[in-house]
Amino acid sequence: MLLKELSSLASPLSSGQVDKLKQLTAELSAVQLAWVSGYLAATSEQGTSAVPQASAEQTITILYGSQTGNGRGVATELAEKAQAQGYAVNLVSMGDYKARQLKQETLLLLVVSTHGEGDAPDDAIELHKFLSSKRAPKLDNLNYSVLALGDSSYEFFCQTGKDFDARLAALGATAISPLIECDVDYEELATAWQESVLEAVKPLITSAGASVVSIGSTASSATSSFTKQKPYTAELLVSQKLTGRDSDRDVRHVEIELGESGISYQAGDALGVWFTNNEQLVNELLESLSLNGDEQVALGNDNLSLRDALTNKKELTQLYPGLVTGWAELSQSKVLLEISNDKARVREYINNNQVADLVRQHPAKVTAEQLVGLLRGITPRLYSIASSQAEVESEVHLTVALVEDERDGVARFGGASQFLASAEEGQQVQVYVEPNNHFRLPENPETPVIMVGPGTGVAPFRAFMQQRSAEGIEGNAWLIFGNPHFEQDFLYQTEWQQYLQSGELSRIDLAFSRDQEHKVYVQHKIAEQGEALWQWLENGAHFYICGDAERMAKDVHQALLDVAVKFGGKTTEQAEEYLETLRAAKRYQKDVY
C-alpha cells in the first residue's frame, strides 16, 4: 500500500526501480523489512554500504498457538518484555507463520495450548502437521524453548506443547530451557518461564556481536484495552429464559451493556465473563468444614476473609486432579486414595463432582490456609457472542445454558451459568472480548454459509445472521439446528422464522430429538440432505459447527465424510483429504467446547 502511494507521488526513482522495489519488498517478512530499513538509513547517512549491526539472525521469533486467548496473552507479554530489554522481536500467531521460514530461525520461543483431548489449537494445526511431516527441515542452528498450556483435568495434558518440544529436538534444535507444562492457573509458571528464556537468550545474542534494535510486532489485530487481566465492568440488562416452562433445561438470553467502553467485537468472537460463587454454596462449604468465614487468609500479597476468598477468588464448581490427590492425603479416605492412584477414575470423579461433594463424601480436618492453598483460582468462562454490533451497537448478547445437576439430593450448578441466570437487571459483570479469528464469516459476504448449531451452539449463527442482514445479504444461508423439543426448546424461533420470510435465510433444517420415537440429531439431517449439502459445498459454501466437541462435532464430521463419499464419489481417504482441504482454506470452521 505504501509503495502504491509512493509511486503515485513525484519520485526520484524511475518506474522500473519502483517496480523492482515492489517486487523485493513483497517477498520480505516484517523482520527483513526492518533490516532493509536500517540498511538504507545507514547507507543514506554514511554514504557507504555499511550494514547495520542488527540482523534477522538475532531476532527472537515468538510463536503462539492459542484456542481461548491464554497463549496469545503470554506470548504478547513475553514480546513486550523482550522489546523492553532491547531485543528485536517477531511475534506471530502460528496460523499466520510460514513454516518454511523455520530453517532461517535461530531463536524461537513457542507458547502453545492443547485443545480438548490432546488436539492442537486451530491456529497451530498447520505448523504441528508440518513439523511431524517428512517436509520438516533439519534445524541444527535453532535454539528454542516451549511453554505448554493445558488443563490437567484432561488425559492428554499439554500434549501439543510436548509434541512441539519433541519434534524440534528430533530435528536437531537445541532447547535453551526445558519444556514448562502449565495448568489452568498458569500465570506464575508463565512469568518464571518468560524471565528464564530472556536470560537464556542473552549469551546467544551477545556472542553474535549484535547491537539489537527493537522492531514492532507483526501481530496487527486490533486489541481492546480491556483484557482477561483488566476486564470491563459492564451492566447486565436482561437474563431472560428462552426455553419453555416444561423444558428440562434452562437456557437464557443474556444482554450486557458495554456503555462507553469502546469495546468492539466481530461475529464469531467470544465474551469472557468473570463471576462470583453462589453465597449458598460458600456457606455449605464453610459449614461442612467447620471454618469461620471471617478468618483472614493470605492470597499472594493480599489478606482477605476466607468468605471473600471463596466467593470471589477460588474455583468451587470445578475440581482438578491436584485437589483430589491433596484431599485424599488430608482425609486419608481409603476410597479417595484408591481413586487418586488411577488417572481414569480421577477424571471420572472430577467430571461428576464439585468441591462441596468432595468435602462431604470424604471428611477431613483442614485449616482455612490449607483450603485456599488447595483450591485453584477462579477462571473466567468464555461464551460465543450471539449478536453483531452492526445491530446491537454497544450491547453484547449471550446464549447461556444453566449447568444444573443433582447429586445425592443436592442441586449443583455451574459457577458462571448460575451467576448469569440469577443476575438481576443492573447487576455489574466483569467482561472482556476474546477474538476468535478461526471462526469468521467469509471475506466475500455473498459466499454461501452452512451453519450447524444444536442447542446453545446456535449463538454465533445469530450473530452471523445479524451481520449479514446489516450488510444487506440475502439468501445463501442454511441453518441446521437441533434440540430436544420443538415446543419447548426452539431457541430464537421467531427470529429464524423472520429471516426465512425475508429471504435472508435460504433454508432451515430442524432436528428435535425427542419429538418422535427414534432420536433425530443434526448429523441425521446432514445425511438426509446430503445431496443438497454436497452441492452447496461444491458451489463454494463455508461450513461451520458450534457446540459440543465430545460427541456432536465428531458425529457431524463423520456425517460430512459420508456425504463426500456418497455424493462426491470419494473414497474414505479422499473424503478425509477433502475436509482437510476445506479446513486449510478456512471453509470448514469449528467453535466447539
# chains A, B, ... in the order shown; residues from 1 in each chain; ligands from 1
call {"tool": "residues_around", "arguments": {"residues": "Ile473 of chain A", "least_positions_apart": "2", "cutoff": "12 Å", "atoms": "only C-alpha atoms", "output": "MDAnalysis selection string"}}
result
chainID A and resid 444:449 464:471 475:477 499 502:506
call {"tool": "select_by_dssp", "arguments": {"residues": "segment 193-290 of chain A", "states": "alpha helix (DSSP H)", "output": "VMD selection string"}}
result
chain A and resid 193 to 200 202 to 206 279 to 289
call {"tool": "atom_distance", "arguments": {"atom1": "atom CA of Ile205 of chain A", "atom2": "atom CA of Pro178 of chain A"}}
result
19.2 Å
call {"tool": "closest_atom_pairs", "arguments": {"of": "segment 264-341 of chain A", "to": "segment 394-397 of chain A", "cutoff": "10 Å", "atoms": "only C-alpha atoms", "output": "JSON lines"}}
result
{"residue": "A:Ser264", "atom": "CA", "partner": "A:Ser394", "partner_atom": "CA", "distance": 8.2}
{"residue": "A:Tyr265", "atom": "CA", "partner": "A:Val396", "partner_atom": "CA", "distance": 8.8}
{"residue": "A:Leu271", "atom": "CA", "partner": "A:Val396", "partner_atom": "CA", "distance": 8.4}
call {"tool": "atom_distance", "arguments": {"atom1": "atom CA of Gln67 of chain A", "atom2": "atom CA of Val273 of chain A"}}
result
16.3 Å
call {"tool": "closest_residue", "arguments": {"among": "A:Val400, A:Leu299, A:Leu375, A:Ala175", "to": "Val324 of chain A", "atoms": "only C-alpha atoms"}}
result
A:Leu375
call {"tool": "closest_residue", "arguments": {"among": "A:Ser305, A:Gln58, A:Asn341, A:Ser225", "to": "Pro203 of chain A", "atoms": "only C-alpha atoms"}}
result
A:Gln58
call {"tool": "closest_residue", "arguments": {"among": "A:Asp489, A:Leu500, A:Leu533, A:Pro435", "to": "Arg514 of chain A", "atoms": "only C-alpha atoms"}}
result
A:Asp489
call {"tool": "residues_around", "arguments": {"residues": "Gly268 of chain A", "least_positions_apart": "6", "cutoff": "7 Å", "atoms": "only C-alpha atoms", "output": "list in words"}}
result
Ser384, Ile385, Asn436, Phe439, Arg440 and Pro460 of chain A
call {"tool": "residues_around", "arguments": {"residues": "segment 165-170 of chain A", "least_positions_apart": "3", "cutoff": "7 Å", "atoms": "only C-alpha atoms", "output": "number ranges by chain"}}
result
A: 131-132, 146, 161-162, 173-174, 179
call {"tool": "closest_residue", "arguments": {"among": "A:Leu102, A:Leu420, A:Ile526, A:Val184", "to": "Ile378 of chain A", "atoms": "only C-alpha atoms"}}
result
A:Val184
call {"tool": "residues_around", "arguments": {"residues": "segment 231-240 of chain A", "least_positions_apart": "2", "cutoff": "8 Å", "atoms": "only C-alpha atoms", "output": "PyMOL selection string"}}
result
chain A and resi 226-229+242+252-259+261+420-432
